[in-house]
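Dumped my_file-v9.tsv below, it's TSV, C-alpha atoms and all ligand atoms:
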chain	number	residue	atom	x	y	z
A	1	THR	CA	-87.12	80.81	-68.60
A	2	PRO	CA	-88.24	82.21	-71.93
A	3	ASN	CA	-91.10	80.65	-73.89
A	4	LEU	CA	-89.81	78.66	-76.84
A	5	ILE	CA	-91.43	78.04	-80.21
A	6	VAL	CA	-89.48	75.88	-82.62
A	7	THR	CA	-90.41	76.08	-86.28
A	8	GLU	CA	-89.59	73.93	-89.27
A	9	ASP	CA	-87.70	76.64	-91.14
A	10	TYR	CA	-87.00	80.34	-91.58
A	11	ALA	CA	-90.29	81.07	-93.37
A	12	ALA	CA	-92.33	79.54	-90.55
A	13	MET	CA	-90.27	81.45	-87.95
A	14	SER	CA	-91.05	84.68	-89.80
A	15	ARG	CA	-94.79	83.90	-90.02
A	16	ILE	CA	-95.10	83.17	-86.31
A	17	ALA	CA	-93.11	86.28	-85.46
A	18	CYS	CA	-95.50	88.24	-87.65
A	19	ASP	CA	-98.51	86.70	-85.86
A	20	ILE	CA	-97.08	87.89	-82.54
A	21	VAL	CA	-96.44	91.44	-83.76
A	22	MET	CA	-99.90	91.62	-85.38
A	23	GLY	CA	-101.40	90.33	-82.11
A	24	GLN	CA	-99.67	93.10	-80.20
A	25	LEU	CA	-100.95	95.70	-82.69
A	26	ALA	CA	-104.48	94.31	-82.50
A	27	GLN	CA	-104.42	94.53	-78.73
A	28	ARG	CA	-102.87	98.02	-78.73
A	29	PRO	CA	-102.72	99.91	-82.02
A	30	ASP	CA	-100.76	102.67	-80.29
A	31	SER	CA	-98.03	100.24	-79.22
A	32	VAL	CA	-94.40	101.29	-79.03
A	33	LEU	CA	-92.27	98.78	-80.94
A	34	GLY	CA	-88.54	98.21	-80.80
A	35	LEU	CA	-87.16	96.72	-84.01
A	36	ALA	CA	-83.87	95.10	-84.94
A	37	THR	CA	-81.75	94.91	-88.06
A	38	GLY	CA	-79.70	91.99	-89.37
A	39	GLY	CA	-80.66	89.22	-91.75
A	40	THR	CA	-82.89	87.41	-89.25
A	41	PRO	CA	-85.91	89.77	-89.06
A	42	VAL	CA	-86.08	90.46	-92.81
A	43	GLY	CA	-88.69	87.70	-93.29
A	44	LEU	CA	-90.78	89.11	-90.45
A	45	TYR	CA	-90.70	92.57	-92.03
A	46	ALA	CA	-91.67	91.16	-95.44
A	47	GLN	CA	-94.62	89.37	-93.77
A	48	LEU	CA	-95.72	92.55	-92.02
A	49	CYS	CA	-95.68	94.34	-95.38
A	50	ASP	CA	-97.54	91.50	-97.15
A	51	ARG	CA	-100.19	91.47	-94.45
A	52	HIS	CA	-100.47	95.29	-94.48
A	53	ALA	CA	-99.80	95.66	-90.75
A	54	ASP	CA	-101.34	98.92	-89.57
A	55	LEU	CA	-98.63	101.00	-87.90
A	56	SER	CA	-100.46	104.29	-88.31
A	57	ARG	CA	-100.71	104.71	-84.54
A	58	THR	CA	-97.47	102.92	-83.71
A	59	ALA	CA	-94.17	104.50	-82.66
A	60	VAL	CA	-91.05	102.55	-83.57
A	61	PHE	CA	-87.54	102.68	-82.13
A	62	ASN	CA	-84.50	100.95	-83.52
A	63	LEU	CA	-82.08	98.96	-81.40
A	64	ASP	CA	-78.86	100.31	-82.80
A	65	GLU	CA	-76.90	102.05	-85.55
A	66	TYR	CA	-73.31	101.98	-86.74
A	67	TYR	CA	-70.95	104.82	-85.76
A	68	PRO	CA	-69.66	106.76	-87.47
A	69	LEU	CA	-71.82	106.25	-90.52
A	70	SER	CA	-73.95	108.62	-92.54
A	71	ARG	CA	-77.69	107.99	-92.61
A	72	GLN	CA	-77.38	108.15	-96.40
A	73	HIS	CA	-74.92	105.25	-96.47
A	74	PRO	CA	-76.64	102.22	-98.06
A	75	GLN	CA	-75.49	99.95	-95.21
A	76	SER	CA	-76.68	102.23	-92.42
A	77	PHE	CA	-79.40	100.68	-90.29
A	78	TYR	CA	-81.37	103.86	-91.04
A	79	GLN	CA	-81.50	102.87	-94.72
A	80	PHE	CA	-82.11	99.22	-93.84
A	81	MET	CA	-85.18	100.07	-91.78
A	82	LYS	CA	-86.43	102.58	-94.31
A	83	GLN	CA	-86.20	100.00	-97.07
A	84	HIS	CA	-87.57	96.98	-95.21
A	85	VAL	CA	-90.19	98.59	-93.00
A	86	TYR	CA	-90.80	102.30	-92.89
A	87	ASP	CA	-91.24	103.20	-96.56
A	88	SER	CA	-94.07	100.69	-96.93
A	89	LEU	CA	-95.60	100.54	-93.46
A	90	LYS	CA	-95.32	104.24	-92.58
A	91	PRO	CA	-95.50	104.12	-88.80
A	92	LEU	CA	-96.78	107.10	-86.83
A	93	SER	CA	-93.17	107.86	-85.91
A	94	TRP	CA	-89.79	106.19	-86.02
A	95	ASP	CA	-86.50	106.93	-84.41
A	96	ILE	CA	-83.00	105.50	-84.60
A	97	PRO	CA	-79.74	106.63	-83.01
A	98	ASP	CA	-77.96	109.17	-85.24
A	99	GLY	CA	-74.71	107.54	-86.37
A	100	GLU	CA	-73.26	110.87	-87.40
A	101	ALA	CA	-74.17	113.00	-84.37
A	102	ASP	CA	-71.43	115.46	-83.39
A	103	ASP	CA	-72.16	115.07	-79.70
A	104	ILE	CA	-72.73	111.36	-79.32
A	105	ILE	CA	-73.14	111.42	-75.53
A	106	ARG	CA	-75.95	113.88	-75.95
A	107	GLU	CA	-77.48	111.81	-78.77
A	108	CYS	CA	-77.51	108.70	-76.56
A	109	ALA	CA	-79.24	110.64	-73.78
A	110	ARG	CA	-81.74	112.04	-76.27
A	111	TYR	CA	-82.55	108.51	-77.44
A	112	GLU	CA	-83.14	107.15	-73.93
A	113	THR	CA	-85.40	110.11	-73.18
A	114	ALA	CA	-87.35	109.64	-76.40
A	115	ILE	CA	-88.03	105.99	-75.55
A	116	ARG	CA	-89.10	106.88	-72.02
A	117	GLU	CA	-91.33	109.74	-73.14
A	118	SER	CA	-93.06	107.50	-75.68
A	119	GLY	CA	-94.35	105.49	-72.72
A	120	GLY	CA	-91.70	102.78	-73.09
A	121	LEU	CA	-91.32	99.81	-75.40
A	122	ASP	CA	-94.25	97.41	-75.48
A	123	LEU	CA	-92.54	94.80	-77.63
A	124	GLN	CA	-88.86	94.61	-78.50
A	125	VAL	CA	-87.82	92.39	-81.42
A	126	LEU	CA	-84.31	90.97	-81.14
A	127	GLY	CA	-81.91	88.86	-83.13
A	128	VAL	CA	-78.81	87.40	-81.55
A	129	GLY	CA	-75.17	87.46	-82.57
A	130	ARG	CA	-73.09	84.31	-82.85
A	131	ASN	CA	-71.27	85.35	-79.67
A	132	GLY	CA	-74.53	85.98	-77.82
A	133	HIS	CA	-74.68	89.75	-78.36
A	134	ILE	CA	-78.04	91.53	-78.45
A	135	GLY	CA	-78.27	94.88	-80.19
A	136	PHE	CA	-74.57	95.69	-80.25
A	137	ASN	CA	-74.11	94.77	-76.60
A	138	GLU	CA	-71.04	92.58	-76.85
A	139	PRO	CA	-69.80	90.03	-74.29
A	140	GLY	CA	-68.75	91.82	-71.10
A	141	THR	CA	-71.52	94.45	-71.26
A	142	SER	CA	-73.05	95.40	-67.91
A	143	PHE	CA	-76.71	94.46	-67.52
A	144	ALA	CA	-77.20	98.03	-66.22
A	145	SER	CA	-76.05	99.52	-69.55
A	146	ARG	CA	-78.11	102.07	-71.45
A	147	THR	CA	-77.89	103.62	-74.91
A	148	ARG	CA	-74.24	104.42	-75.55
A	149	LEU	CA	-71.32	104.26	-77.98
A	150	VAL	CA	-69.65	100.83	-78.07
A	151	SER	CA	-66.79	99.11	-79.90
A	152	LEU	CA	-67.59	96.02	-81.95
A	153	LYS	CA	-65.81	92.71	-81.44
A	154	GLN	CA	-63.77	91.39	-84.32
A	155	GLU	CA	-66.21	88.49	-84.89
A	156	THR	CA	-69.14	90.91	-85.14
A	157	VAL	CA	-67.29	93.05	-87.69
A	158	GLU	CA	-66.57	89.87	-89.68
A	159	ASP	CA	-70.18	88.63	-89.47
A	160	ASN	CA	-71.50	91.97	-90.69
A	161	ALA	CA	-68.85	92.34	-93.42
A	162	ARG	CA	-71.11	90.44	-95.82
A	163	PHE	CA	-73.31	93.52	-96.09
A	164	PHE	CA	-70.37	95.78	-97.06
A	165	GLU	CA	-68.11	95.74	-100.11
A	166	ASN	CA	-65.27	94.60	-97.91
A	167	ALA	CA	-64.52	94.06	-94.22
A	168	SER	CA	-62.39	97.21	-93.95
A	169	LEU	CA	-65.52	99.31	-94.63
A	170	VAL	CA	-67.47	98.00	-91.62
A	171	PRO	CA	-67.59	100.69	-88.90
A	172	LEU	CA	-65.80	99.57	-85.73
A	173	GLN	CA	-68.24	101.26	-83.38
A	174	ALA	CA	-71.97	101.55	-82.93
A	175	VAL	CA	-74.63	103.23	-80.82
A	176	THR	CA	-76.87	100.66	-79.19
A	177	MET	CA	-79.67	100.48	-76.66
A	178	GLY	CA	-78.19	98.97	-73.51
A	179	ILE	CA	-79.18	95.74	-71.81
A	180	ALA	CA	-81.15	97.69	-69.19
A	181	THR	CA	-82.94	99.60	-71.98
A	182	ILE	CA	-83.91	96.30	-73.62
A	183	LEU	CA	-84.98	94.66	-70.36
A	184	GLU	CA	-87.40	97.53	-69.68
A	185	ALA	CA	-89.50	96.52	-72.69
A	186	LYS	CA	-92.79	95.02	-71.51
A	187	SER	CA	-92.26	92.00	-73.77
A	188	ILE	CA	-89.40	90.71	-75.87
A	189	MET	CA	-89.39	88.45	-78.93
A	190	LEU	CA	-86.07	86.95	-79.97
A	191	LEU	CA	-85.70	85.39	-83.41
A	192	ALA	CA	-82.98	82.91	-84.32
A	193	SER	CA	-82.38	81.02	-87.52
A	194	GLY	CA	-79.60	78.70	-88.58
A	195	SER	CA	-76.99	76.57	-86.84
A	196	ALA	CA	-74.65	79.54	-86.20
A	197	LYS	CA	-77.11	80.64	-83.47
A	198	ALA	CA	-77.52	77.24	-81.79
A	199	GLU	CA	-74.83	77.76	-79.15
A	200	ALA	CA	-76.15	81.23	-78.22
A	201	LEU	CA	-79.62	79.71	-77.69
A	202	ARG	CA	-78.18	76.86	-75.63
A	203	GLN	CA	-76.54	79.48	-73.40
A	204	LEU	CA	-79.81	81.42	-73.19
A	205	PHE	CA	-81.76	78.39	-71.97
A	206	TYR	CA	-79.16	76.36	-70.07
A	207	GLY	CA	-76.08	78.52	-69.48
A	208	ARG	CA	-75.29	80.56	-66.39
A	209	VAL	CA	-76.75	84.08	-66.48
A	210	SER	CA	-73.58	86.04	-67.19
A	211	THR	CA	-72.45	89.28	-68.78
A	212	GLU	CA	-70.06	87.11	-70.84
A	213	VAL	CA	-73.12	85.98	-72.82
A	214	PRO	CA	-75.35	89.06	-73.12
A	215	VAL	CA	-78.41	87.14	-74.35
A	216	THR	CA	-78.61	85.33	-70.96
A	217	ALA	CA	-79.82	88.67	-69.53
A	218	LEU	CA	-83.20	87.76	-71.03
A	219	ARG	CA	-83.61	85.16	-68.28
A	220	LEU	CA	-84.12	88.11	-65.92
A	221	HIS	CA	-87.18	89.22	-67.91
A	222	PRO	CA	-90.65	87.75	-67.21
A	223	ASN	CA	-92.08	87.95	-70.73
A	224	VAL	CA	-89.76	86.64	-73.44
A	225	HIS	CA	-90.70	84.61	-76.50
A	226	VAL	CA	-87.98	82.87	-78.49
A	227	ILE	CA	-88.90	81.78	-82.01
A	228	ALA	CA	-86.22	79.54	-83.44
A	229	ASP	CA	-86.03	77.37	-86.50
A	230	ARG	CA	-84.94	73.75	-86.12
A	231	GLN	CA	-81.29	74.46	-86.85
A	232	ALA	CA	-81.04	77.25	-84.29
A	233	ALA	CA	-82.85	75.08	-81.73
A	234	ALA	CA	-80.67	72.03	-82.41
A	235	LEU	CA	-78.92	72.15	-78.99
A	236	LEU	CA	-82.08	72.70	-76.92
A	301	LIG	C1	-76.03	92.71	-85.70
A	301	LIG	C2	-77.17	93.49	-85.03
A	301	LIG	C3	-77.97	92.62	-84.10
A	301	LIG	C4	-78.33	91.32	-84.80
A	301	LIG	C5	-77.08	90.56	-85.14
A	301	LIG	C6	-77.36	89.23	-85.83
A	301	LIG	O1	-74.87	92.72	-84.97
A	301	LIG	N1	-76.71	94.63	-84.30
A	301	LIG	O2	-79.14	93.33	-83.71
A	301	LIG	O3	-79.16	90.54	-83.97
A	301	LIG	O4	-76.30	91.35	-86.01
A	301	LIG	O5	-77.53	89.43	-87.20
A	301	LIG	P1	-78.18	88.42	-88.20
A	301	LIG	O6	-79.64	88.45	-87.93
A	301	LIG	O7	-77.84	88.95	-89.55
A	301	LIG	O8	-77.58	87.09	-87.92
In structure tokens, write the structure found in this file.
Amino acid sequence: TPNLIVTEDYAAMSRIACDIVMGQLAQRPDSVLGLATGGTPVGLYAQLCDRHADLSRTAVFNLDEYYPLSRQHPQSFYQFMKQHVYDSLKPLSWDIPDGEADDIIRECARYETAIRESGGLDLQVLGVGRNGHIGFNEPGTSFASRTRLVSLKQETVEDNARFFENASLVPLQAVTMGIATILEAKSIMLLASGSAKAEALRQLFYGRVSTEVPVTALRLHPNVHVIADRQAAALL
């Protein structure tokens, strides 16, 4: 089972997450990091900026990107990462699936190859969806899945609508690392904040390992840290 750290609140979750990332960078400045979008890791990214994390030898890959969506669109994950991380921390390199690639199959293959050729992910940061999705791997996703084009569930579109002017503007598809891609990371850190994530965490720790709840795939990985605030950990 994953290691669990429960914190008082969101700020403390973000600080501990930052400690773990800084620890990884101290141990290996040329680490390969996998980063996530969503509201949850924003505090971690702010901490990394405040503490001037040195990413000058670090390669970063992003979990996912909407499709189809221009990189210039303010709600693209490309812009999100640029704004919250890359503009200030300037990693050695960063890569994210291209949400406007003409040949998306080829783009997915390119992304898998780029991760592999970097030496593989040392630490993957994850959030979790209300329905237990990781990246954009929705319930029903094979644990053997790799980077590919997926359709979003209605509840995921609704949850992410808050970032768009209205729900009809949320793309209905995305390109995401697969579960197998994520499980190949040497270590994984999952962040969860707020009561909406409590059931997903209960499934992660106590539910049956099942493709119906993608986050339970993390039970198959030997090195997972879950940092949850009290509300997210309420059912543990
Ligand atoms: C999106 C992202 C996930 C993220 C999830 C939860 O669907 N693709 O990577 O974990 O939302 O988002 P939030 O952290 O905003 O709750």
Range 217-230 of chain A surroundings by all atoms listed in the file, 10 Å radius, close-in-sequence under 6 positions cut, as a ChimeraX atom specification: /A:1-14,16-17,20,123-127,134,142-143,179-180,182-195,197-198,201,204-205,208-211,236
Box for ligand LIG 301 (chain A): with edges along x, y and z, all listed atoms inside and 6 Å added on each side, what are the centre and edge lengths in Å to one decimal, as AutoDock Vina command-line options?
--center_x -77.3 --center_y 90.9 --center_z -86.6 --size_x 16.8 --size_y 19.5 --size_z 17.8
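Reported to one decimal place, the separation of CA of Met177 in chain A from CA of Ile96 in chain A is 10.0 Å.
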Length of the CA of Gln154 in chain A to CA of Leu169 in chain A vector [Å]: 13.1 Å
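Of note, CA of Pro41 in chain A and CA of Ala114 in chain A are spaced 23.6 Å apart.
A distance search around ligand LIG 301 (chain A) (7 Å at most, all atoms listed in the file) returns the following protein and nucleic acid residues: A:Ala36, A:Thr37, A:Gly38, A:Gly39, A:Thr40, A:Pro41, A:Leu63, A:Asp64, A:Leu126, A:Gly127, A:Val128, A:Gly129, A:Ile134, A:Gly135, A:Phe136, A:Thr156, A:Asn160.
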Quick one: write out the picked residues with C-alpha atoms as an mmCIF file, in the coordinates of the input?
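Saved file out_32.cif follows:
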data_model
loop_
_atom_site.group_PDB
_atom_site.id
_atom_site.type_symbol
_atom_site.label_atom_id
_atom_site.label_comp_id
_atom_site.auth_asym_id
_atom_site.auth_seq_id
_atom_site.Cartn_x
_atom_site.Cartn_y
_atom_site.Cartn_z
ATOM 1 C CA ALA A 36 -83.870 95.100 -84.940
ATOM 2 C CA THR A 37 -81.750 94.910 -88.060
ATOM 3 C CA GLY A 38 -79.700 91.990 -89.370
ATOM 4 C CA GLY A 39 -80.660 89.220 -91.750
ATOM 5 C CA THR A 40 -82.890 87.410 -89.250
ATOM 6 C CA PRO A 41 -85.910 89.770 -89.060
ATOM 7 C CA LEU A 63 -82.080 98.960 -81.400
ATOM 8 C CA ASP A 64 -78.860 100.310 -82.800
ATOM 9 C CA LEU A 126 -84.310 90.970 -81.140
ATOM 10 C CA GLY A 127 -81.910 88.860 -83.130
ATOM 11 C CA VAL A 128 -78.810 87.400 -81.550
ATOM 12 C CA GLY A 129 -75.170 87.460 -82.570
ATOM 13 C CA ILE A 134 -78.040 91.530 -78.450
ATOM 14 C CA GLY A 135 -78.270 94.880 -80.190
ATOM 15 C CA PHE A 136 -74.570 95.690 -80.250
ATOM 16 C CA THR A 156 -69.140 90.910 -85.140
ATOM 17 C CA ASN A 160 -71.500 91.970 -90.690
#
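If you measure from each of A:Ala234, A:Leu69, A:Ala53, A:Val21 to Lys90 in chain A using all atoms listed in the file, the closest one turns out to be A:Ala53.
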Using all atoms listed in the file: which of A:Asp30, A:Glu107, A:Pro171, A:Tyr45 has the shortest distance to Gln83 in chain A: A:Tyr45
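The closest residue to Gln203 in chain A, picked from A:Gly132, A:Pro139, A:Gly119, A:Gly178 and counting all atoms listed in the file, is A:Gly132.
Nearest to Cys49 in chain A of all the residues A:Tyr67, A:Cys18, A:Asn62, A:Tyr78 is A:Cys18, based on all atoms listed in the file.
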Residues near Val85 in chain A, cut-off 10 Å, only C-alpha atoms, skip fewer than 4 positions along chain, as a ChimeraX atom specification: /A:35,42,44-46,48-49,79-81,89-91
Any chance you could build range 15-46 of chain A out to N, CA and C atoms and write it as a PDB file, keeping the file's coordinate frame?
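Output saved as out-v9.pdb:
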ATOM      1  N   ARG A  15     -93.323  83.817 -90.098  1.00  0.00           N
ATOM      2  CA  ARG A  15     -94.790  83.900 -90.020  1.00  0.00           C
ATOM      3  C   ARG A  15     -95.260  83.980 -88.578  1.00  0.00           C
ATOM      4  N   ILE A  16     -94.679  83.151 -87.712  1.00  0.00           N
ATOM      5  CA  ILE A  16     -95.100  83.170 -86.310  1.00  0.00           C
ATOM      6  C   ILE A  16     -94.719  84.488 -85.652  1.00  0.00           C
ATOM      7  N   ALA A  17     -93.532  84.970 -85.990  1.00  0.00           N
ATOM      8  CA  ALA A  17     -93.110  86.280 -85.460  1.00  0.00           C
ATOM      9  C   ALA A  17     -94.101  87.353 -85.895  1.00  0.00           C
ATOM     10  N   CYS A  18     -94.541  87.271 -87.134  1.00  0.00           N
ATOM     11  CA  CYS A  18     -95.500  88.240 -87.650  1.00  0.00           C
ATOM     12  C   CYS A  18     -96.834  88.131 -86.907  1.00  0.00           C
ATOM     13  N   ASP A  19     -97.279  86.899 -86.639  1.00  0.00           N
ATOM     14  CA  ASP A  19     -98.510  86.700 -85.860  1.00  0.00           C
ATOM     15  C   ASP A  19     -98.411  87.422 -84.514  1.00  0.00           C
ATOM     16  N   ILE A  20     -97.253  87.291 -83.873  1.00  0.00           N
ATOM     17  CA  ILE A  20     -97.080  87.890 -82.540  1.00  0.00           C
ATOM     18  C   ILE A  20     -97.107  89.411 -82.629  1.00  0.00           C
ATOM     19  N   VAL A  21     -96.434  89.980 -83.618  1.00  0.00           N
ATOM     20  CA  VAL A  21     -96.440  91.440 -83.760  1.00  0.00           C
ATOM     21  C   VAL A  21     -97.852  91.926 -84.103  1.00  0.00           C
ATOM     22  N   MET A  22     -98.534  91.213 -85.010  1.00  0.00           N
ATOM     23  CA  MET A  22     -99.900  91.620 -85.380  1.00  0.00           C
ATOM     24  C   MET A  22    -100.827  91.506 -84.171  1.00  0.00           C
ATOM     25  N   GLY A  23    -100.608  90.497 -83.341  1.00  0.00           N
ATOM     26  CA  GLY A  23    -101.400  90.330 -82.110  1.00  0.00           C
ATOM     27  C   GLY A  23    -101.218  91.517 -81.180  1.00  0.00           C
ATOM     28  N   GLN A  24     -99.970  91.929 -81.033  1.00  0.00           N
ATOM     29  CA  GLN A  24     -99.670  93.100 -80.200  1.00  0.00           C
ATOM     30  C   GLN A  24    -100.372  94.353 -80.740  1.00  0.00           C
ATOM     31  N   LEU A  25    -100.343  94.512 -82.066  1.00  0.00           N
ATOM     32  CA  LEU A  25    -100.950  95.700 -82.690  1.00  0.00           C
ATOM     33  C   LEU A  25    -102.473  95.656 -82.567  1.00  0.00           C
ATOM     34  N   ALA A  26    -103.032  94.448 -82.631  1.00  0.00           N
ATOM     35  CA  ALA A  26    -104.480  94.310 -82.500  1.00  0.00           C
ATOM     36  C   ALA A  26    -104.914  94.703 -81.087  1.00  0.00           C
ATOM     37  N   GLN A  27    -104.118  94.258 -80.131  1.00  0.00           N
ATOM     38  CA  GLN A  27    -104.420  94.530 -78.730  1.00  0.00           C
ATOM     39  C   GLN A  27    -104.240  96.012 -78.419  1.00  0.00           C
ATOM     40  N   ARG A  28    -103.185  96.605 -79.002  1.00  0.00           N
ATOM     41  CA  ARG A  28    -102.870  98.020 -78.730  1.00  0.00           C
ATOM     42  C   ARG A  28    -102.327  98.664 -79.980  1.00  0.00           C
ATOM     43  N   PRO A  29    -103.189  99.273 -80.781  1.00  0.00           N
ATOM     44  CA  PRO A  29    -102.720  99.910 -82.020  1.00  0.00           C
ATOM     45  C   PRO A  29    -101.689 101.014 -81.774  1.00  0.00           C
ATOM     46  N   ASP A  30    -101.730 101.613 -80.583  1.00  0.00           N
ATOM     47  CA  ASP A  30    -100.760 102.670 -80.290  1.00  0.00           C
ATOM     48  C   ASP A  30     -99.542 102.121 -79.534  1.00  0.00           C
ATOM     49  N   SER A  31     -99.202 100.860 -79.828  1.00  0.00           N
ATOM     50  CA  SER A  31     -98.030 100.240 -79.220  1.00  0.00           C
ATOM     51  C   SER A  31     -96.756 100.996 -79.569  1.00  0.00           C
ATOM     52  N   VAL A  32     -95.745 100.821 -78.730  1.00  0.00           N
ATOM     53  CA  VAL A  32     -94.400 101.290 -79.030  1.00  0.00           C
ATOM     54  C   VAL A  32     -93.560 100.043 -79.313  1.00  0.00           C
ATOM     55  N   LEU A  33     -93.041  99.953 -80.526  1.00  0.00           N
ATOM     56  CA  LEU A  33     -92.270  98.780 -80.940  1.00  0.00           C
ATOM     57  C   LEU A  33     -90.792  99.096 -80.982  1.00  0.00           C
ATOM     58  N   GLY A  34     -89.981  98.127 -80.589  1.00  0.00           N
ATOM     59  CA  GLY A  34     -88.540  98.210 -80.800  1.00  0.00           C
ATOM     60  C   GLY A  34     -88.183  97.199 -81.876  1.00  0.00           C
ATOM     61  N   LEU A  35     -87.499  97.636 -82.908  1.00  0.00           N
ATOM     62  CA  LEU A  35     -87.160  96.720 -84.010  1.00  0.00           C
ATOM     63  C   LEU A  35     -85.659  96.570 -84.160  1.00  0.00           C
ATOM     64  N   ALA A  36     -85.280  95.460 -84.779  1.00  0.00           N
ATOM     65  CA  ALA A  36     -83.870  95.100 -84.940  1.00  0.00           C
ATOM     66  C   ALA A  36     -83.515  95.027 -86.420  1.00  0.00           C
ATOM     67  N   THR A  37     -82.223  95.124 -86.694  1.00  0.00           N
ATOM     68  CA  THR A  37     -81.750  94.910 -88.060  1.00  0.00           C
ATOM     69  C   THR A  37     -81.075  93.537 -88.135  1.00  0.00           C
ATOM     70  N   GLY A  38     -80.335  93.296 -89.179  1.00  0.00           N
ATOM     71  CA  GLY A  38     -79.700  91.990 -89.370  1.00  0.00           C
ATOM     72  C   GLY A  38     -80.503  91.191 -90.377  1.00  0.00           C
ATOM     73  N   GLY A  39     -79.972  90.055 -90.780  1.00  0.00           N
ATOM     74  CA  GLY A  39     -80.660  89.220 -91.750  1.00  0.00           C
ATOM     75  C   GLY A  39     -81.893  88.550 -91.155  1.00  0.00           C
ATOM     76  N   THR A  40     -81.841  88.231 -89.857  1.00  0.00           N
ATOM     77  CA  THR A  40     -82.890  87.410 -89.250  1.00  0.00           C
ATOM     78  C   THR A  40     -84.302  88.005 -89.358  1.00  0.00           C
ATOM     79  N   PRO A  41     -84.531  89.277 -89.027  1.00  0.00           N
ATOM     80  CA  PRO A  41     -85.910  89.770 -89.060  1.00  0.00           C
ATOM     81  C   PRO A  41     -86.433  90.181 -90.434  1.00  0.00           C
ATOM     82  N   VAL A  42     -85.634  90.027 -91.482  1.00  0.00           N
ATOM     83  CA  VAL A  42     -86.080  90.460 -92.810  1.00  0.00           C
ATOM     84  C   VAL A  42     -87.378  89.760 -93.234  1.00  0.00           C
ATOM     85  N   GLY A  43     -87.473  88.461 -92.945  1.00  0.00           N
ATOM     86  CA  GLY A  43     -88.690  87.700 -93.290  1.00  0.00           C
ATOM     87  C   GLY A  43     -89.899  88.203 -92.519  1.00  0.00           C
ATOM     88  N   LEU A  44     -89.696  88.531 -91.253  1.00  0.00           N
ATOM     89  CA  LEU A  44     -90.780  89.110 -90.450  1.00  0.00           C
ATOM     90  C   LEU A  44     -91.255  90.417 -91.078  1.00  0.00           C
ATOM     91  N   TYR A  45     -90.310  91.276 -91.470  1.00  0.00           N
ATOM     92  CA  TYR A  45     -90.700  92.570 -92.030  1.00  0.00           C
ATOM     93  C   TYR A  45     -91.424  92.395 -93.372  1.00  0.00           C
ATOM     94  N   ALA A  46     -90.985  91.428 -94.166  1.00  0.00           N
ATOM     95  CA  ALA A  46     -91.670  91.160 -95.440  1.00  0.00           C
ATOM     96  C   ALA A  46     -93.107  90.692 -95.173  1.00  0.00           C
TER      97      ALA A  46
END
